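K.L.:
Contents are mmCIF, C-alpha atoms (C1' of nucleotides); file name model-v6.cif:
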```cif
data_structure
loop_
_atom_site.label_atom_id
_atom_site.label_comp_id
_atom_site.auth_asym_id
_atom_site.auth_seq_id
_atom_site.Cartn_x
_atom_site.Cartn_y
_atom_site.Cartn_z
CA MET A 1 24.31 39.74 65.94
CA ALA A 2 26.57 38.59 68.73
CA GLU A 3 26.33 34.83 68.67
CA GLU A 4 28.94 34.90 71.37
CA LYS A 5 26.55 34.17 74.18
CA VAL A 6 28.62 32.36 76.71
CA GLU A 7 26.85 30.24 79.20
CA PHE A 8 29.17 29.56 81.99
CA LEU A 9 27.15 27.88 84.61
CA LYS A 10 25.58 24.94 82.89
CA GLY A 11 23.34 24.10 85.77
CA THR A 12 26.10 24.05 88.32
CA LEU A 13 25.10 27.23 90.08
CA ASP A 14 22.98 25.65 92.80
CA MET A 15 25.73 23.25 93.68
CA LEU A 16 28.36 25.97 93.75
CA ILE A 17 26.25 28.16 95.99
CA LEU A 18 25.50 25.30 98.36
CA LYS A 19 29.16 24.40 98.51
CA VAL A 20 30.36 27.91 99.30
CA VAL A 21 27.60 28.55 101.81
CA ALA A 22 28.62 25.28 103.45
CA LEU A 23 31.94 26.93 104.32
CA GLY A 24 30.03 29.28 106.58
CA PRO A 25 27.14 31.75 106.51
CA ILE A 26 27.62 34.41 103.89
CA HIS A 27 25.60 37.09 102.16
CA GLY A 28 24.86 37.21 98.47
CA TYR A 29 27.22 39.91 97.41
CA ALA A 30 30.16 38.33 99.18
CA LEU A 31 29.18 34.92 97.89
CA ALA A 32 29.47 36.09 94.31
CA GLN A 33 32.90 37.54 95.00
CA ARG A 34 34.01 34.38 96.74
CA ILE A 35 32.92 32.16 93.88
CA GLN A 36 34.74 34.41 91.45
CA GLN A 37 37.85 34.43 93.58
CA ILE A 38 38.01 30.69 94.23
CA SER A 39 37.42 29.94 90.58
CA ARG A 40 40.23 32.31 89.62
CA ASP A 41 37.86 34.64 87.83
CA PHE A 42 36.29 31.94 85.72
CA PHE A 43 32.84 32.41 87.22
CA GLN A 44 31.66 35.97 87.14
CA LEU A 45 28.29 35.64 88.69
CA GLN A 46 25.67 38.09 87.50
CA GLN A 47 23.26 39.52 90.02
CA GLY A 48 20.38 38.50 87.80
CA SER A 49 21.54 34.91 88.23
CA LEU A 50 22.65 35.19 91.82
CA TYR A 51 19.62 36.55 93.62
CA PRO A 52 16.96 34.45 91.92
CA ALA A 53 19.11 31.41 92.64
CA LEU A 54 19.37 32.29 96.33
CA HIS A 55 15.62 32.75 96.57
CA ARG A 56 15.09 29.45 94.78
CA LEU A 57 17.35 27.61 97.19
CA GLU A 58 15.68 29.23 100.14
CA ASP A 59 12.23 28.31 98.81
CA ARG A 60 13.32 24.72 98.53
CA GLY A 61 14.45 24.70 102.10
CA TRP A 62 18.14 24.28 101.36
CA LEU A 63 19.19 27.68 102.62
CA LYS A 64 17.99 29.79 105.49
CA ALA A 65 18.30 33.55 105.40
CA GLU A 66 18.81 36.02 108.18
CA TRP A 67 19.49 39.76 108.19
CA LYS A 68 22.61 40.59 110.09
CA ALA A 69 25.33 43.18 110.17
CA THR A 70 28.50 42.68 108.16
CA GLU A 71 31.94 43.31 109.60
CA THR A 72 31.71 46.81 108.25
CA GLY A 73 28.43 47.43 109.99
CA ARG A 74 26.06 47.22 107.06
CA GLU A 75 22.92 45.14 107.00
CA ALA A 76 23.03 42.15 104.70
CA LYS A 77 21.14 38.95 104.23
CA PHE A 78 23.22 36.04 105.40
CA TYR A 79 22.49 32.61 104.09
CA ALA A 80 23.23 29.40 105.95
CA LEU A 81 22.91 25.78 104.92
CA THR A 82 20.03 23.77 106.34
CA PRO A 83 20.36 20.04 107.04
CA ARG A 84 18.34 19.36 103.89
CA GLY A 85 20.66 21.69 102.05
CA ARG A 86 23.63 19.68 103.15
CA LYS A 87 22.04 16.52 101.84
CA GLN A 88 21.18 18.24 98.60
CA LEU A 89 24.78 19.32 98.21
CA GLU A 90 25.88 15.72 98.50
CA VAL A 91 23.32 14.66 95.92
CA GLU A 92 24.39 17.34 93.50
CA VAL A 93 28.08 16.65 93.88
CA LYS A 94 27.49 12.97 93.29
CA SER A 95 25.45 13.57 90.17
CA TRP A 96 27.95 16.10 88.91
CA GLU A 97 30.67 13.50 89.22
CA GLN A 98 28.56 10.97 87.37
CA LEU A 99 27.95 13.50 84.64
CA THR A 100 31.61 14.36 84.21
CA ASP A 101 32.52 10.67 84.23
CA ALA A 102 30.01 9.99 81.50
CA VAL A 103 31.19 12.96 79.45
CA ARG A 104 34.74 11.76 79.87
CA LEU A 105 33.79 8.38 78.46
CA ILE A 106 32.44 10.05 75.35
CA LEU A 107 35.31 12.47 74.89
CA ARG A 108 37.90 9.73 75.33
CA THR A 109 36.49 7.42 72.69
CA ALA A 110 39.25 7.13 70.13
CA ASP A 111 36.89 5.13 67.97
CA MET B 1 4.29 17.01 92.35
CA ALA B 2 7.28 15.05 91.17
CA GLU B 3 10.20 17.29 91.96
CA GLU B 4 12.41 14.56 90.63
CA LYS B 5 13.12 16.20 87.34
CA VAL B 6 16.55 15.04 86.40
CA GLU B 7 18.46 17.12 83.99
CA PHE B 8 21.23 15.06 82.63
CA LEU B 9 22.74 16.99 79.87
CA LYS B 10 23.63 20.32 81.38
CA GLY B 11 24.47 21.92 78.07
CA THR B 12 26.82 19.18 76.99
CA LEU B 13 24.60 17.73 74.32
CA ASP B 14 25.98 19.71 71.39
CA MET B 15 29.51 18.73 72.29
CA LEU B 16 28.59 15.08 72.72
CA ILE B 17 26.85 14.97 69.38
CA LEU B 18 29.73 16.68 67.61
CA LYS B 19 32.17 14.29 69.21
CA VAL B 20 30.30 11.15 68.22
CA VAL B 21 29.56 12.39 64.73
CA ALA B 22 33.29 13.10 64.43
CA LEU B 23 33.88 9.36 64.68
CA GLY B 24 32.09 8.97 61.36
CA PRO B 25 28.78 9.87 59.70
CA ILE B 26 25.84 8.54 61.59
CA HIS B 27 22.08 8.98 61.71
CA GLY B 28 20.13 10.30 64.63
CA TYR B 29 18.67 7.11 65.94
CA ALA B 30 22.00 5.32 65.93
CA LEU B 31 23.67 8.37 67.44
CA ALA B 32 21.39 8.25 70.44
CA GLN B 33 22.12 4.58 70.94
CA ARG B 34 25.83 5.14 70.56
CA ILE B 35 25.87 7.90 73.16
CA GLN B 36 23.93 5.73 75.53
CA GLN B 37 26.22 2.79 74.95
CA ILE B 38 29.51 4.68 75.29
CA SER B 39 28.30 6.41 78.44
CA ARG B 40 27.32 3.05 79.90
CA ASP B 41 23.65 3.99 79.95
CA PHE B 42 24.17 7.26 81.78
CA PHE B 43 22.87 9.33 78.90
CA GLN B 44 19.49 8.22 77.68
CA LEU B 45 18.84 10.70 74.99
CA GLN B 46 15.22 11.65 74.44
CA GLN B 47 13.96 12.17 70.93
CA GLY B 48 12.61 15.53 71.92
CA SER B 49 16.15 16.54 72.77
CA LEU B 50 17.92 14.71 70.01
CA TYR B 51 16.21 15.91 66.88
CA PRO B 52 15.93 19.57 67.75
CA ALA B 53 19.62 19.46 68.65
CA LEU B 54 20.56 17.93 65.33
CA HIS B 55 18.59 20.57 63.46
CA ARG B 56 20.19 23.28 65.55
CA LEU B 57 23.68 22.03 64.77
CA GLU B 58 22.86 21.75 61.12
CA ASP B 59 21.45 25.28 61.04
CA ARG B 60 24.66 26.56 62.55
CA GLY B 61 26.67 24.87 59.85
CA TRP B 62 28.39 22.40 62.14
CA LEU B 63 26.72 19.33 60.72
CA LYS B 64 25.72 18.41 57.22
CA ALA B 65 22.85 16.04 56.61
CA GLU B 66 22.29 13.59 53.81
CA TRP B 67 19.67 10.92 53.28
CA LYS B 68 21.22 7.55 52.68
CA ALA B 69 20.47 3.92 53.16
CA THR B 70 21.50 2.16 56.34
CA GLU B 71 23.18 -1.23 56.33
CA THR B 72 19.76 -2.77 56.66
CA GLY B 73 18.44 -0.96 53.63
CA ARG B 74 16.34 1.72 55.32
CA GLU B 75 16.51 5.39 54.52
CA ALA B 76 17.96 7.53 57.26
CA LYS B 77 19.43 10.99 57.61
CA PHE B 78 23.15 10.73 58.07
CA TYR B 79 24.97 13.58 59.70
CA ALA B 80 28.61 14.42 59.06
CA LEU B 81 30.87 16.98 60.66
CA THR B 82 31.73 20.09 58.65
CA PRO B 83 35.11 21.81 59.00
CA ARG B 84 33.42 24.49 61.09
CA GLY B 85 31.87 21.74 63.16
CA ARG B 86 35.28 20.30 63.86
CA LYS B 87 36.50 23.68 65.07
CA GLN B 88 33.40 24.08 67.18
CA LEU B 89 34.03 20.71 68.78
CA GLU B 90 37.49 21.87 69.80
CA VAL B 91 36.08 25.07 71.23
CA GLU B 92 33.43 23.24 73.21
CA VAL B 93 35.82 20.65 74.58
CA LYS B 94 38.18 23.38 75.69
CA SER B 95 35.48 25.35 77.41
CA TRP B 96 34.09 22.22 79.01
CA GLU B 97 37.51 21.53 80.48
CA GLN B 98 37.73 25.07 81.78
CA LEU B 99 34.32 24.70 83.35
CA THR B 100 35.13 21.44 85.07
CA ASP B 101 38.46 22.84 86.27
CA ALA B 102 36.68 25.83 87.77
CA VAL B 103 34.03 23.66 89.40
CA ARG B 104 36.77 21.46 90.79
CA LEU B 105 38.40 24.48 92.40
CA ILE B 106 35.15 25.28 94.19
CA LEU B 107 34.39 21.72 95.23
CA ARG B 108 37.89 21.18 96.56
CA THR B 109 37.99 24.21 98.80
CA ALA B 110 38.40 22.84 102.30
CA ASP B 111 37.96 26.35 103.64
"C1'" DG C 1 -1.48 -13.34 57.35
"C1'" DC C 2 -1.38 -10.67 61.68
"C1'" DC C 3 0.47 -8.39 65.47
"C1'" DT C 4 3.97 -6.53 68.01
"C1'" DT C 5 8.38 -4.63 68.43
"C1'" DA C 6 12.19 -2.12 66.66
"C1'" DT C 7 13.73 1.37 63.58
"C1'" DC C 8 13.63 6.13 62.09
"C1'" DT C 9 11.95 10.81 61.86
"C1'" DG C 10 9.69 14.68 63.59
"C1'" DT C 11 6.83 18.69 66.33
"C1'" DA C 12 4.31 21.30 70.17
"C1'" DG C 13 4.16 22.91 74.58
"C1'" DA C 14 5.81 23.21 79.26
"C1'" DT C 15 9.45 24.03 82.42
"C1'" DA C 16 13.73 25.71 84.21
"C1'" DT C 17 17.96 28.29 84.08
"C1'" DT C 18 20.62 32.06 82.96
"C1'" DC C 19 21.49 36.55 81.01
"C1'" DT C 20 20.61 41.48 80.00
"C1'" DA C 21 19.21 45.47 81.71
"C1'" DG C 22 17.31 47.90 84.47
"C1'" DG C 23 16.09 49.93 89.62
"C1'" DT C 24 16.87 51.35 94.90
"C1'" DG C 25 19.47 52.86 98.71
"C1'" DT C 26 23.76 53.26 101.71
"C1'" DT C 27 28.58 53.95 102.82
"C1'" DC C 28 33.31 55.06 101.63
"C1'" DT C 29 36.88 57.59 99.17
"C1'" DT C 30 38.67 61.37 96.93
"C1'" DA D 1 30.28 67.01 96.05
"C1'" DA D 2 30.84 63.17 93.17
"C1'" DG D 3 31.69 58.71 92.09
"C1'" DA D 4 32.79 54.06 93.26
"C1'" DA D 5 31.83 50.19 95.93
"C1'" DC D 6 28.50 47.73 98.67
"C1'" DA D 7 24.14 45.31 99.01
"C1'" DC D 8 19.65 44.13 97.62
"C1'" DC D 9 16.09 43.28 93.99
"C1'" DT D 10 12.90 42.28 89.57
"C1'" DA D 11 11.16 41.85 84.67
"C1'" DG D 12 11.63 40.02 80.37
"C1'" DA D 13 14.11 37.54 76.83
"C1'" DA D 14 16.71 33.74 75.25
"C1'" DT D 15 17.93 29.00 75.39
"C1'" DA D 16 17.94 24.06 76.40
"C1'" DT D 17 15.76 20.16 77.73
"C1'" DC D 18 11.90 17.15 78.72
"C1'" DT D 19 7.25 15.13 78.15
"C1'" DA D 20 4.18 13.62 75.14
"C1'" DC D 21 2.64 13.20 71.18
"C1'" DA D 22 2.41 11.70 65.83
"C1'" DG D 23 3.61 8.93 61.72
"C1'" DA D 24 5.82 5.65 58.79
"C1'" DT D 25 8.47 1.39 57.52
"C1'" DA D 26 10.66 -3.11 58.38
"C1'" DA D 27 11.47 -7.40 60.97
"C1'" DG D 28 10.20 -11.27 63.73
"C1'" DG D 29 7.06 -14.36 66.18
"C1'" DC D 30 3.07 -17.01 65.98
#
```
Turn the structure described in the file into structure tokens.

P.N.:
Amino acid sequence: MAEEKVEFLKGTLDMLILKVVALGPIHGYALAQRIQQISRDFFQLQQGSLYPALHRLEDRGWLKAEWKATETGREAKFYALTPRGRKQLEVEVKSWEQLTDAVRLILRTAD
Amino acid sequence: MAEEKVEFLKGTLDMLILKVVALGPIHGYALAQRIQQISRDFFQLQQGSLYPALHRLEDRGWLKAEWKATETGREAKFYALTPRGRKQLEVEVKSWEQLTDAVRLILRTAD
DNA sequence: GCCTTATCTGTAGATATTCTAGGTGTTCTT
DNA sequence: AAGAACACCTAGAATATCTACAGATAAGGC
């Protein structure tokens, strides 16, 4: 009956991925760990959310993928930001800020 | 082809409704206007989002509805917050703050 | 009196995102 | 030899939101 379905991401996933990839090319598995680490364990990204999101962003031309070897010598798919991806990141950050500003206005109404 | 689908609410709608209803019983139509007004026109709540949301919140026992007359003498369905709804509002505000804190951590990473 | 706008409620169907729950294979550690 | 960690993936369900309708009443302009 678990009504306890927590939805963490609230549509922020694309922006978060773009932001972290913007720090430098990274593969999916490491990306998920990085997001978890930076957010102090708040975001625990599921693979069923992660990989479809990466493919989505690639399809839209915001990320570019390339198979390369990791430091430990394994093959992994590294994602890098495209120029369009960088613009998209800006757009998403801006609209996220507008959203949080608007929410703040509502939450702060004393009456 | 319009890729320009804007999704404003990002899962905040329930919280916003609970918050505004907490200011005092209000009917749906006025609620939508109030949210738009307080948010300085950022949120322009569609009826197809509004009414299903109200029914959802009522089903979950967070709102209680009652038909009453408006100031202008028309019948409208006024929603009021239940005690459980008040608790839920607190929960949602808290988790919203956690979310925005976590997002902030990601967005602020210089490297 | 008529017409348009504003008020007030609602539903159906499409779309998009995220989660659960699986699956595959490789390398490292014990 | 076994299990954990690494690294990728998909299918299907659940949920939220939007578009696009539909209907009814009241108010205001002409």

K.L.:
Go through D:DA16, D:DC9, D:DC30, D:DA22 one by one, measure the shortest atom-to-atom distance of each to His55 of chain A using all atoms listed in the file, and give the residue with the smallest value.

P.N.:
D:DC9

K.L.:
Could you work out which residues of chain D fall inside 10 Å of chain A? Count all atoms listed in the file, and format the result as a list in words.

P.N.:
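Output check: DC6, DA7, DC8, DC9, DT10, DA14 and DT15 of chain D.
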
K.L.:
Applied to the shown file, which residues does the PyMOL selection byres ((chain A) within 7 of (chain B)) return, written as a PyMOL selection string?

P.N.:
chain A and resi 10-11+16+19+23+38-39+42+102+105-107+111

K.L.:
Quick one: what's the axis-aligned box for segment 13-29 of chain D, all listed atoms, 8 Å on every side, centre and edges in Å to one decimal, as JSON?

P.N.:
```
{"center_x": 10.2, "center_y": 11.6, "center_z": 68.1, "size_x": 31.5, "size_y": 67.9, "size_z": 37.2}
```

K.L.:
Considering all atoms listed in the file, state which residue in the set B:Gln44, B:Gln88, B:Leu63, B:Ala32 is at the smallest distance from chain C.

P.N.:
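So, comparing all the options, the nearest one is B:Ala32.
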
K.L.:
Here is a test: counting only C-alpha atoms (C1' of nucleotides), which residue of C:DT11, C:DT17, C:DT4, C:DT29 is nearest to chain A?

P.N.:
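Distance minimum relative to chain A lands on C:DT17.
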
K.L.:
Once the PyMOL selection byres ((chain C) within 9 of (chain A)) has been applied to the shown file, what residues remain in the selection, as a list of chain:residue names?

P.N.:
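On the file shown, the PyMOL selection byres ((chain C) within 9 of (chain A)) covers C:DT17, C:DT18, C:DC19, C:DT20, C:DT26, C:DT27.
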
K.L.:
Mind telling me what the PyMOL selection byres ((chain B and resi 85) around 8) catches here, as a PyMOL selection string?

P.N.:
chain B and resi 18+61-63+81-84+86-89

K.L.:
Keeping C-alpha atoms, export the residues of the selection given above as a compact mmCIF listing (two decimals), in the coordinates of the input.

P.N.:
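And here's out22.txt as it stands now:
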```txt
# COMPACT_ATOMS: atom_id res chain seq x y z
CA LEU B 18 29.73 16.68 67.61
CA GLY B 61 26.67 24.87 59.85
CA TRP B 62 28.39 22.40 62.14
CA LEU B 63 26.72 19.33 60.72
CA LEU B 81 30.87 16.98 60.66
CA THR B 82 31.73 20.09 58.65
CA PRO B 83 35.11 21.81 59.00
CA ARG B 84 33.42 24.49 61.09
CA ARG B 86 35.28 20.30 63.86
CA LYS B 87 36.50 23.68 65.07
CA GLN B 88 33.40 24.08 67.18
CA LEU B 89 34.03 20.71 68.78
```

K.L.:
Please report the interatomic distance between atom C1' of DA2 of chain D and atom C1' of DG25 of chain C in Å with one decimal.

P.N.:
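Distance between the two atoms: 16.3 Å.
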
K.L.:
Could you add whatever atoms are missing so that segment 65-77 of chain B carries N, CA and C atoms, then write the result as a CSV table (one decimal), keeping the file's coordinate frame?

P.N.:
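part_37.csv was written with the following content:
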```
chain,number,residue,atom,x,y,z
B,65,ALA,N,23.7,17.2,56.6
B,65,ALA,CA,22.8,16.0,56.6
B,65,ALA,C,22.7,15.5,55.2
B,66,GLU,N,22.5,14.2,55.1
B,66,GLU,CA,22.3,13.6,53.8
B,66,GLU,C,21.5,12.3,54.0
B,67,TRP,N,20.4,12.2,53.2
B,67,TRP,CA,19.7,10.9,53.3
B,67,TRP,C,20.4,9.8,52.6
B,68,LYS,N,20.6,8.7,53.3
B,68,LYS,CA,21.2,7.6,52.7
B,68,LYS,C,20.6,6.3,53.2
B,69,ALA,N,21.0,5.2,52.7
B,69,ALA,CA,20.5,3.9,53.2
B,69,ALA,C,21.4,3.4,54.3
B,70,THR,N,20.7,2.8,55.3
B,70,THR,CA,21.5,2.2,56.3
B,70,THR,C,22.0,0.8,55.8
B,71,GLU,N,22.7,0.1,56.7
B,71,GLU,CA,23.2,-1.2,56.3
B,71,GLU,C,22.0,-2.1,56.1
B,72,THR,N,20.9,-1.9,56.8
B,72,THR,CA,19.8,-2.8,56.7
B,72,THR,C,18.8,-2.3,55.6
B,73,GLY,N,19.2,-1.3,54.8
B,73,GLY,CA,18.4,-1.0,53.6
B,73,GLY,C,17.4,0.1,53.9
B,74,ARG,N,17.3,0.7,55.1
B,74,ARG,CA,16.3,1.7,55.3
B,74,ARG,C,16.9,3.1,55.1
B,75,GLU,N,16.0,4.0,54.7
B,75,GLU,CA,16.5,5.4,54.5
B,75,GLU,C,16.7,6.1,55.9
B,76,ALA,N,17.7,6.8,56.0
B,76,ALA,CA,18.0,7.5,57.3
B,76,ALA,C,18.8,8.8,56.9
B,77,LYS,N,18.7,9.7,57.8
B,77,LYS,CA,19.4,11.0,57.6
B,77,LYS,C,20.8,10.9,58.3
```
